[in-house]
$ cat run38.cif   # mmCIF, C-alpha atoms
data_coords
#
loop_
_atom_site.group_PDB
_atom_site.id
_atom_site.type_symbol
_atom_site.label_atom_id
_atom_site.label_comp_id
_atom_site.auth_asym_id
_atom_site.auth_seq_id
_atom_site.Cartn_x
_atom_site.Cartn_y
_atom_site.Cartn_z
ATOM 1 C CA MET A 1 32.039 4.054 109.668
ATOM 2 C CA ILE A 2 35.159 6.110 109.137
ATOM 3 C CA ARG A 3 34.462 9.088 106.883
ATOM 4 C CA GLY A 4 36.687 11.572 105.103
ATOM 5 C CA LYS A 5 36.818 13.925 108.104
ATOM 6 C CA THR A 6 38.044 11.110 110.359
ATOM 7 C CA LEU A 7 40.705 10.131 107.821
ATOM 8 C CA ARG A 8 41.921 13.720 107.650
ATOM 9 C CA GLY A 9 42.011 13.759 111.459
ATOM 10 C CA ILE A 10 44.110 10.586 111.508
ATOM 11 C CA ALA A 11 46.445 12.106 108.894
ATOM 12 C CA ALA A 12 46.859 15.220 111.047
ATOM 13 C CA ALA A 13 47.539 13.088 114.138
ATOM 14 C CA LEU A 14 50.152 11.068 112.249
ATOM 15 C CA ALA A 15 51.802 14.257 111.047
ATOM 16 C CA ALA A 16 51.863 15.543 114.643
ATOM 17 C CA VAL A 17 53.426 12.284 115.844
ATOM 18 C CA PHE A 18 55.983 12.589 113.044
ATOM 19 C CA VAL A 19 56.964 16.112 114.152
ATOM 20 C CA ILE A 20 57.113 15.080 117.806
ATOM 21 C CA SER A 21 59.322 12.100 116.937
ATOM 22 C CA LEU A 22 61.764 14.403 115.132
ATOM 23 C CA ALA A 23 62.076 16.470 118.298
ATOM 24 C CA ALA A 24 62.566 13.438 120.520
ATOM 25 C CA PRO A 25 66.060 12.842 121.967
ATOM 26 C CA ALA A 26 68.147 10.482 119.912
ATOM 27 C CA SER A 27 69.103 7.170 121.347
ATOM 28 C CA ALA A 28 69.562 3.684 120.100
ATOM 29 C CA ALA A 29 66.316 2.583 121.686
ATOM 30 C CA ASP A 30 64.436 5.267 119.775
ATOM 31 C CA SER A 31 65.330 3.771 116.387
ATOM 32 C CA LEU A 32 62.714 1.066 116.590
ATOM 33 C CA LEU A 33 60.077 3.446 117.936
ATOM 34 C CA LEU A 34 60.826 5.974 115.213
ATOM 35 C CA SER A 35 60.630 3.278 112.564
ATOM 36 C CA ILE A 36 57.280 2.170 113.894
ATOM 37 C CA LEU A 37 56.035 5.741 113.596
ATOM 38 C CA LEU A 38 57.366 6.160 110.066
ATOM 39 C CA PRO A 39 59.645 3.706 108.260
ATOM 40 C CA GLY A 40 63.035 5.233 107.511
ATOM 41 C CA LEU A 41 63.214 7.458 110.591
ATOM 42 C CA GLY A 42 65.004 4.790 112.610
ATOM 43 C CA GLN A 43 67.493 4.157 109.804
ATOM 44 C CA ALA A 44 68.082 7.906 109.495
ATOM 45 C CA GLN A 45 68.840 8.114 113.198
ATOM 46 C CA ASP A 46 71.295 5.209 112.843
ATOM 47 C CA GLY A 47 73.006 6.981 109.955
ATOM 48 C CA HIS A 48 71.787 4.700 107.153
ATOM 49 C CA TYR A 49 70.472 7.520 104.975
ATOM 50 C CA ALA A 50 70.141 5.582 101.713
ATOM 51 C CA LYS A 51 67.962 2.947 103.361
ATOM 52 C CA ALA A 52 66.102 5.676 105.234
ATOM 53 C CA SER A 53 65.131 7.415 101.999
ATOM 54 C CA VAL A 54 64.030 4.117 100.399
ATOM 55 C CA PHE A 55 61.881 3.092 103.370
ATOM 56 C CA GLY A 56 60.612 6.644 103.897
ATOM 57 C CA SER A 57 59.609 7.037 100.251
ATOM 58 C CA ALA A 58 57.906 3.643 100.209
ATOM 59 C CA ALA A 59 55.987 4.484 103.393
ATOM 60 C CA LEU A 60 54.938 7.944 102.199
ATOM 61 C CA ILE A 61 53.760 6.582 98.844
ATOM 62 C CA SER A 62 51.900 3.755 100.579
ATOM 63 C CA TRP A 63 50.263 6.063 103.129
ATOM 64 C CA THR A 64 49.314 8.628 100.473
ATOM 65 C CA GLY A 65 47.926 5.908 98.216
ATOM 66 C CA LEU A 66 46.048 4.345 101.102
ATOM 67 C CA PHE A 67 44.376 7.614 102.098
ATOM 68 C CA ALA A 68 43.502 8.505 98.508
ATOM 69 C CA THR A 69 42.067 5.074 97.683
ATOM 70 C CA GLN A 70 40.300 4.896 101.038
ATOM 71 C CA LEU A 71 38.536 8.202 100.385
ATOM 72 C CA ASN A 72 37.557 6.995 96.916
ATOM 73 C CA TYR A 73 36.322 3.691 98.341
ATOM 74 C CA SER A 74 34.307 5.489 101.048
ATOM 75 C CA ARG A 75 32.576 7.616 98.418
ATOM 76 C CA THR A 76 31.674 4.544 96.352
ATOM 77 C CA VAL A 77 30.352 2.752 99.438
ATOM 78 C CA ASP A 78 28.203 5.803 100.226
ATOM 79 C CA ARG A 79 26.851 5.785 96.675
ATOM 80 C CA TYR A 80 26.056 2.077 96.948
ATOM 81 C CA GLU A 81 24.339 2.561 100.325
ATOM 82 C CA ASN A 82 22.159 5.350 98.885
ATOM 83 C CA GLN A 83 21.145 3.257 95.883
ATOM 84 C CA LYS A 84 20.460 0.289 98.135
ATOM 85 C CA ARG A 85 18.261 2.455 100.384
ATOM 86 C CA ASN A 86 16.322 3.675 97.321
ATOM 87 C CA TYR A 87 15.926 0.133 96.031
ATOM 88 C CA LEU A 88 14.676 -1.270 99.326
ATOM 89 C CA ALA A 89 12.315 1.709 99.680
ATOM 90 C CA TYR A 90 10.344 0.381 96.692
ATOM 91 C CA GLN A 91 9.318 -2.580 98.846
ATOM 92 C CA ASP A 92 7.827 -0.181 101.427
ATOM 93 C CA GLN A 93 6.027 1.769 98.700
ATOM 94 C CA LEU A 94 4.490 -1.433 97.319
ATOM 95 C CA GLU A 95 3.462 -2.558 100.803
ATOM 96 C CA ASN A 96 1.797 0.849 101.305
ATOM 97 C CA GLY A 97 -0.345 0.257 98.199
ATOM 98 C CA GLN A 98 1.537 2.641 95.900
ATOM 99 C CA THR A 99 2.122 1.817 92.233
ATOM 100 C CA VAL A 100 5.783 1.615 91.225
ATOM 101 C CA TYR A 101 6.975 1.525 87.646
ATOM 102 C CA ILE A 102 9.169 -1.499 86.935
ATOM 103 C CA GLY A 103 11.519 0.653 84.839
ATOM 104 C CA ASP A 104 12.370 2.776 87.910
ATOM 105 C CA ILE A 105 12.989 -0.348 89.994
ATOM 106 C CA ASN A 106 15.225 -1.832 87.289
ATOM 107 C CA ASP A 107 17.177 1.422 86.848
ATOM 108 C CA THR A 108 17.808 1.645 90.591
ATOM 109 C CA TYR A 109 18.854 -2.006 90.718
ATOM 110 C CA THR A 110 21.320 -1.422 87.864
ATOM 111 C CA ALA A 111 22.745 1.679 89.559
ATOM 112 C CA MET A 112 23.044 -0.236 92.849
ATOM 113 C CA SER A 113 24.780 -3.179 91.137
ATOM 114 C CA ASN A 114 27.215 -0.845 89.382
ATOM 115 C CA ALA A 115 28.003 0.950 92.641
ATOM 116 C CA TYR A 116 28.564 -2.386 94.408
ATOM 117 C CA ASN A 117 30.923 -3.625 91.684
ATOM 118 C CA GLN A 118 32.768 -0.301 91.767
ATOM 119 C CA ALA A 119 33.084 -0.590 95.557
ATOM 120 C CA GLU A 120 34.518 -4.108 95.169
ATOM 121 C CA ASP A 121 37.088 -2.814 92.667
ATOM 122 C CA ASP A 122 37.960 0.200 94.829
ATOM 123 C CA GLU A 123 38.389 -2.056 97.847
ATOM 124 C CA LYS A 124 40.873 -4.230 95.932
ATOM 125 C CA VAL A 125 42.924 -1.167 94.971
ATOM 126 C CA ARG A 126 42.808 0.066 98.575
ATOM 127 C CA ASN A 127 43.974 -3.363 99.797
ATOM 128 C CA ILE A 128 47.012 -3.195 97.498
ATOM 129 C CA PHE A 129 48.179 -0.110 99.403
ATOM 130 C CA ILE A 130 47.448 -1.778 102.756
ATOM 131 C CA GLY A 131 49.615 -4.702 101.613
ATOM 132 C CA ALA A 132 52.363 -2.329 100.484
ATOM 133 C CA LEU A 133 52.249 -0.586 103.849
ATOM 134 C CA ILE A 134 52.418 -3.856 105.792
ATOM 135 C CA VAL A 135 55.380 -5.057 103.688
ATOM 136 C CA THR A 136 57.143 -1.694 104.099
ATOM 137 C CA TYR A 137 56.657 -1.708 107.867
ATOM 138 C CA GLY A 138 57.664 -5.381 108.151
ATOM 139 C CA LEU A 139 60.880 -4.978 106.140
ATOM 140 C CA ASN A 140 61.650 -1.735 107.948
ATOM 141 C CA ILE A 141 61.293 -3.192 111.442
ATOM 142 C CA ALA A 142 63.227 -6.316 110.433
ATOM 143 C CA ASP A 143 65.990 -4.076 109.082
ATOM 144 C CA ILE A 144 66.110 -2.051 112.300
ATOM 145 C CA LEU A 145 66.274 -5.199 114.419
ATOM 146 C CA LEU A 146 68.967 -6.859 112.283
ATOM 147 C CA THR A 147 71.172 -3.850 111.464
ATOM 148 C CA GLY A 148 73.324 -1.958 113.912
ATOM 149 C CA GLU A 149 74.059 1.744 114.297
ATOM 150 C CA ASP A 150 76.459 3.274 111.783
ATOM 151 C CA THR A 151 79.123 4.951 113.977
ATOM 152 C CA GLY A 152 81.251 6.132 111.084
ATOM 153 C CA GLU A 153 84.158 3.871 112.093
ATOM 154 C CA VAL A 154 85.956 1.926 109.383
ATOM 155 C CA ASP A 155 87.152 -1.559 110.132
ATOM 156 C CA ARG A 156 90.866 -2.015 109.379
ATOM 157 C CA ALA A 157 92.706 -5.259 108.948
ATOM 158 C CA PRO A 158 95.169 -5.656 111.813
ATOM 159 C CA SER A 159 98.617 -4.775 110.509
ATOM 160 C CA ALA A 160 101.562 -6.964 111.368
ATOM 161 C CA PRO A 161 103.849 -5.509 114.018
ATOM 162 C CA SER A 162 106.809 -3.834 112.364
ATOM 163 C CA THR A 163 110.289 -4.754 113.478
ATOM 164 C CA SER A 164 113.395 -2.592 113.032
ATOM 165 C CA LEU A 165 116.884 -2.184 114.243
ATOM 166 C CA GLU A 166 117.648 1.180 115.927
ATOM 167 C CA TRP A 167 120.840 2.671 117.402
ATOM 168 C CA ARG A 168 119.900 3.780 120.903
ATOM 169 C CA GLY A 169 122.182 4.743 123.749
ATOM 170 C CA GLY A 170 125.295 3.362 122.199
ATOM 171 C CA GLY A 171 123.795 0.032 121.407
ATOM 172 C CA LEU A 172 121.819 -1.592 118.589
ATOM 173 C CA HIS A 173 118.279 -2.481 119.606
ATOM 174 C CA LEU A 174 115.736 -4.658 117.937
ATOM 175 C CA VAL A 175 112.473 -2.615 118.132
ATOM 176 C CA ARG A 176 109.069 -4.147 117.584
ATOM 177 C CA THR A 177 106.241 -1.570 117.156
ATOM 178 C CA ILE A 178 102.677 -2.496 117.823
ATOM 179 C CA ARG A 179 99.858 -0.015 116.867
ATOM 180 C CA PHE A 180 96.488 0.077 118.509
ATOM 181 C CA MET B 1 72.254 -2.613 118.162
ATOM 182 C CA HIS B 2 73.149 -1.970 121.737
ATOM 183 C CA PHE B 3 69.767 -2.125 123.449
ATOM 184 C CA SER B 4 69.575 -2.848 127.095
ATOM 185 C CA ARG B 5 67.019 -5.445 128.089
ATOM 186 C CA SER B 6 64.678 -2.751 129.487
ATOM 187 C CA THR B 7 64.727 -0.616 126.311
ATOM 188 C CA HIS B 8 64.108 -3.757 124.262
ATOM 189 C CA ARG B 9 61.044 -4.429 126.362
ATOM 190 C CA LEU B 10 59.864 -0.808 125.970
ATOM 191 C CA SER B 11 60.269 -0.891 122.197
ATOM 192 C CA PHE B 12 58.424 -4.145 121.766
ATOM 193 C CA ARG B 13 55.666 -2.884 124.058
ATOM 194 C CA ALA B 14 55.337 0.186 121.817
ATOM 195 C CA ALA B 15 55.240 -2.045 118.750
ATOM 196 C CA ALA B 16 52.677 -4.267 120.392
ATOM 197 C CA LEU B 17 50.533 -1.176 121.038
ATOM 198 C CA ALA B 18 51.031 0.375 117.621
ATOM 199 C CA LEU B 19 50.148 -2.696 115.555
ATOM 200 C CA PRO B 20 46.642 -3.194 117.040
ATOM 201 C CA ILE B 21 45.983 0.527 116.491
ATOM 202 C CA LEU B 22 46.928 0.124 112.831
ATOM 203 C CA LEU B 23 44.790 -3.007 112.553
ATOM 204 C CA LEU B 24 41.841 -1.213 114.201
ATOM 205 C CA GLY B 25 42.232 1.578 111.674
ATOM 206 C CA VAL B 26 42.000 -0.863 108.803
ATOM 207 C CA ALA B 27 39.146 -2.818 110.378
ATOM 208 C CA GLY B 28 37.225 0.417 110.987
ATOM 209 C CA CYS B 29 37.228 1.318 107.315
ATOM 210 C CA PRO B 30 33.787 1.312 105.691
ATOM 211 C CA LYS B 31 32.777 -1.823 103.892
ATOM 212 C CA GLN B 32 29.947 -2.346 101.490
ATOM 213 C CA GLU B 33 27.372 -4.611 103.048
ATOM 214 C CA ASP B 34 26.266 -7.792 101.401
ATOM 215 C CA PHE B 35 24.472 -7.282 98.153
ATOM 216 C CA PRO B 36 20.721 -7.294 98.894
ATOM 217 C CA VAL B 37 18.642 -9.958 97.286
ATOM 218 C CA ALA B 38 16.415 -8.730 94.488
ATOM 219 C CA LEU B 39 12.902 -7.740 95.523
ATOM 220 C CA ASP B 40 10.274 -10.417 94.982
ATOM 221 C CA LEU B 41 8.197 -8.646 92.351
ATOM 222 C CA ASP B 42 5.081 -9.734 90.471
ATOM 223 C CA VAL B 43 5.775 -8.056 87.154
ATOM 224 C CA PRO B 44 2.651 -7.897 84.969
ATOM 225 C CA PRO B 45 2.772 -8.673 81.243
ATOM 226 C CA THR B 46 3.240 -5.877 78.719
ATOM 227 C CA PRO B 47 0.089 -5.062 76.691
ATOM 228 C CA PHE B 48 0.263 -5.650 72.935
ATOM 229 C CA ASN B 49 -1.969 -5.034 69.908
ATOM 230 C CA PHE B 50 -2.640 -1.550 71.275
ATOM 231 C CA VAL B 51 -5.195 0.048 68.940
ATOM 232 C CA ILE B 52 -6.400 3.652 69.088
ATOM 233 C CA SER B 53 -9.370 5.000 67.164
ATOM 234 C CA ASN B 54 -11.169 8.293 67.556
ATOM 235 C CA ALA B 55 -14.412 10.005 66.635
ATOM 236 C CA GLY B 56 -13.958 13.688 67.338
ATOM 237 C CA THR B 57 -12.559 14.074 70.806
ATOM 238 C CA ASN B 58 -13.645 10.585 71.863
ATOM 239 C CA TYR B 59 -10.806 8.111 71.726
ATOM 240 C CA THR B 60 -11.251 4.362 72.004
ATOM 241 C CA PHE B 61 -8.354 2.288 73.242
ATOM 242 C CA ALA B 62 -8.077 -1.503 73.038
ATOM 243 C CA TRP B 63 -5.236 -3.898 73.813
ATOM 244 C CA GLU B 64 -4.447 -7.472 74.786
ATOM 245 C CA VAL B 65 -2.216 -9.139 77.340
ATOM 246 C CA SER B 66 -0.718 -12.616 77.459
ATOM 247 C CA ASP B 67 -1.833 -13.349 81.029
ATOM 248 C CA PRO B 68 -4.873 -11.321 82.157
ATOM 249 C CA ALA B 69 -4.912 -13.128 85.527
ATOM 250 C CA ALA B 70 -1.591 -11.482 86.406
ATOM 251 C CA VAL B 71 -3.071 -8.018 85.957
ATOM 252 C CA ASP B 72 -5.017 -6.036 88.542
ATOM 253 C CA HIS B 73 -5.719 -3.008 86.374
ATOM 254 C CA TYR B 74 -4.372 -0.974 83.452
ATOM 255 C CA LEU B 75 -3.157 2.595 83.116
ATOM 256 C CA VAL B 76 -3.615 4.622 79.919
ATOM 257 C CA TYR B 77 -1.347 7.671 79.557
ATOM 258 C CA LEU B 78 -1.524 10.737 77.397
ATOM 259 C CA LEU B 79 2.112 11.471 76.612
ATOM 260 C CA GLY B 80 3.295 15.031 76.699
ATOM 261 C CA GLY B 81 6.077 14.465 74.179
ATOM 262 C CA GLY B 82 8.430 16.693 76.142
ATOM 263 C CA LEU B 83 6.021 19.644 76.037
ATOM 264 C CA ALA B 84 3.933 18.509 78.985
ATOM 265 C CA PRO B 85 4.263 15.795 81.621
ATOM 266 C CA ASN B 86 2.856 12.365 80.897
ATOM 267 C CA GLU B 87 -0.596 12.089 82.418
ATOM 268 C CA VAL B 88 -2.655 9.075 83.473
ATOM 269 C CA ILE B 89 -6.042 9.616 81.833
ATOM 270 C CA ILE B 90 -7.625 6.213 82.442
ATOM 271 C CA GLU B 91 -7.346 3.611 85.185
ATOM 272 C CA THR B 92 -9.391 0.566 84.261
ATOM 273 C CA ALA B 93 -9.651 -3.171 84.720
ATOM 274 C CA LEU B 94 -10.965 -3.601 81.149
ATOM 275 C CA THR B 95 -8.946 -4.078 77.968
ATOM 276 C CA SER B 96 -11.096 -1.725 75.900
ATOM 277 C CA VAL B 97 -12.244 1.734 76.915
ATOM 278 C CA THR B 98 -13.478 5.001 75.404
ATOM 279 C CA TYR B 99 -12.427 8.367 76.753
ATOM 280 C CA ASP B 100 -13.122 11.979 75.879
ATOM 281 C CA VAL B 101 -9.725 13.618 75.711
ATOM 282 C CA GLY B 102 -11.309 17.051 75.217
ATOM 283 C CA PHE B 103 -9.509 17.855 72.006
ATOM 284 C CA SER B 104 -8.439 16.107 68.848
ATOM 285 C CA LEU B 105 -4.952 16.340 67.440
ATOM 286 C CA ALA B 106 -3.250 14.177 64.841
ATOM 287 C CA GLY B 107 -0.235 12.348 66.177
ATOM 288 C CA LEU B 108 -1.273 12.379 69.836
ATOM 289 C CA GLN B 109 0.679 9.723 71.641
ATOM 290 C CA PHE B 110 -0.795 7.351 74.197
ATOM 291 C CA ALA B 111 0.657 4.530 76.259
ATOM 292 C CA VAL B 112 -0.868 1.629 78.121
ATOM 293 C CA SER B 113 0.625 -0.418 80.910
ATOM 294 C CA ALA B 114 -0.548 -3.181 83.215
ATOM 295 C CA VAL B 115 -0.338 -3.072 87.012
ATOM 296 C CA SER B 116 -0.109 -6.248 89.091
ATOM 297 C CA ALA B 117 -2.001 -6.827 92.320
ATOM 298 C CA GLN B 118 1.264 -6.134 94.147
ATOM 299 C CA GLY B 119 1.334 -2.614 92.669
ATOM 300 C CA VAL B 120 4.129 -3.126 90.169
ATOM 301 C CA GLU B 121 3.515 -1.322 86.901
ATOM 302 C CA GLY B 122 4.921 -3.123 83.868
ATOM 303 C CA GLU B 123 6.487 -1.792 80.696
ATOM 304 C CA TRP B 124 4.560 0.631 78.526
ATOM 305 C CA THR B 125 3.271 0.063 75.039
ATOM 306 C CA VAL B 126 3.229 3.352 73.141
ATOM 307 C CA ARG B 127 1.115 4.184 70.098
ATOM 308 C CA ALA B 128 0.243 7.392 68.219
ATOM 309 C CA ALA B 129 -3.349 8.200 67.288
ATOM 310 C CA GLN B 130 -4.087 8.459 63.552
#
$ encode --input "run38.cif" --output "structure tokens"
Amino acid sequence: MIRGKTLRGIAAALAAVFVISLAAPASAADSLLLSILLPGLGQAQDGHYAKASVFGSAALISWTGLFATQLNYSRTVDRYENQKRNYLAYQDQLENGQTVYIGDINDTYTAMSNAYNQAEDDEKVRNIFIGALIVTYGLNIADILLTGEDTGEVDRAPSAPSTSLEWRGGGLHLVRTIRF
Amino acid sequence: MHFSRSTHRLSFRAAALALPILLLGVAGCPKQEDFPVALDLDVPPTPFNFVISNAGTNYTFAWEVSDPAAVDHYLVYLLGGGLAPNEVIIETALTSVTYDVGFSLAGLQFAVSAVSAQGVEGEWTVRAAQ
């Protein structure tokens, strides 16, 4: 089972990867890798800062939500496992000839049921953030693959060559100017 | 995008590596196991018509149950009422018993419960002595 300490370790590793990726040399090929590490980084490298902030924000919110709900879910699962252990222990006590009050058994069963239902609810909330993360990563990678690098150049409509008459060297010349 | 074929291959290889790692992370998350089936318990009936009478410090307790065959024995408690812990004073297979409590006090509270052969103690019936 993954516990809170492991999740914090994964978060630290992701943060380290994030820092390393910022220090990595920029190249077109890095955009996809950066976006896989954290959505928005690839777009930022390509100069699409608006999209980068949208994807980055979505990813950060999704990751933060996922870690928070995962920790909450882990705690509820632990509570359920403890109650379940207590409940099943009554069977051992009865088999060992001990007397067990039915009220205690019923209370433990109720607590176990409540913890199980809470775990089911917490899992659903956690899965919403997993879905959000998958959608964010999917859209982000699709965007990186379908969009090119922003070089800062502006496309201009080709202007028609201008034609003029100029007096040169004692003669009238028809001059046609073509710009590149 | 101006990727060469080799950088394309590198990027997709990285993606192919990263996605299983993410999936492993999700799959490794804790999951509540299947809900355990309820224990198979023989719950004894709850005693009723619990009557307490006393002569000095001797108290006589009598009660009835709906299904005596489902009962192995009975427990009679002297309740502490929050001042002292509840105490089992009698363990008997009979439905009527006399016991010397050692003192007499109006309003003393007693409880009786049945215990099945499996060892499950049923609900208590509580009564105060007159």
$ resolve_selection --input "run38.cif" --expression "the PyMOL selection byres ((chain B and resi 52) around 10)" --output "MDAnalysis selection string"
chainID B and resid 49:51 53:54 59:63 96:98 109:110 127:130
$ atom_distance --input "run38.cif" --atom1 "atom CA of Tyr116 of chain A" --atom2 "atom CA of Thr69 of chain A"
15.8 Å
$ atom_distance --input "run38.cif" --atom1 "atom CA of Thr57 of chain B" --atom2 "atom CA of Glu87 of chain B"
16.8 Å
$ closest_residue --input "run38.cif" --among "B:Thr95, B:Ser104, B:Asn58, B:Gln118" --to "chain A" --atoms "all atoms listed in the file"
B:Gln118
$ atom_distance --input "run38.cif" --atom1 "atom CA of Gly103 of chain A" --atom2 "atom CA of Glu121 of chain B"
8.5 Å
$ residues_around --input "run38.cif" --residues "segment 71-77 of chain B" --least-positions-apart "5" --cutoff "10 Å" --atoms "all atoms listed in the file" --output "PyMOL selection string"
chain B and resi 42-47+61+65-66+86-95+97+109-122+124-126
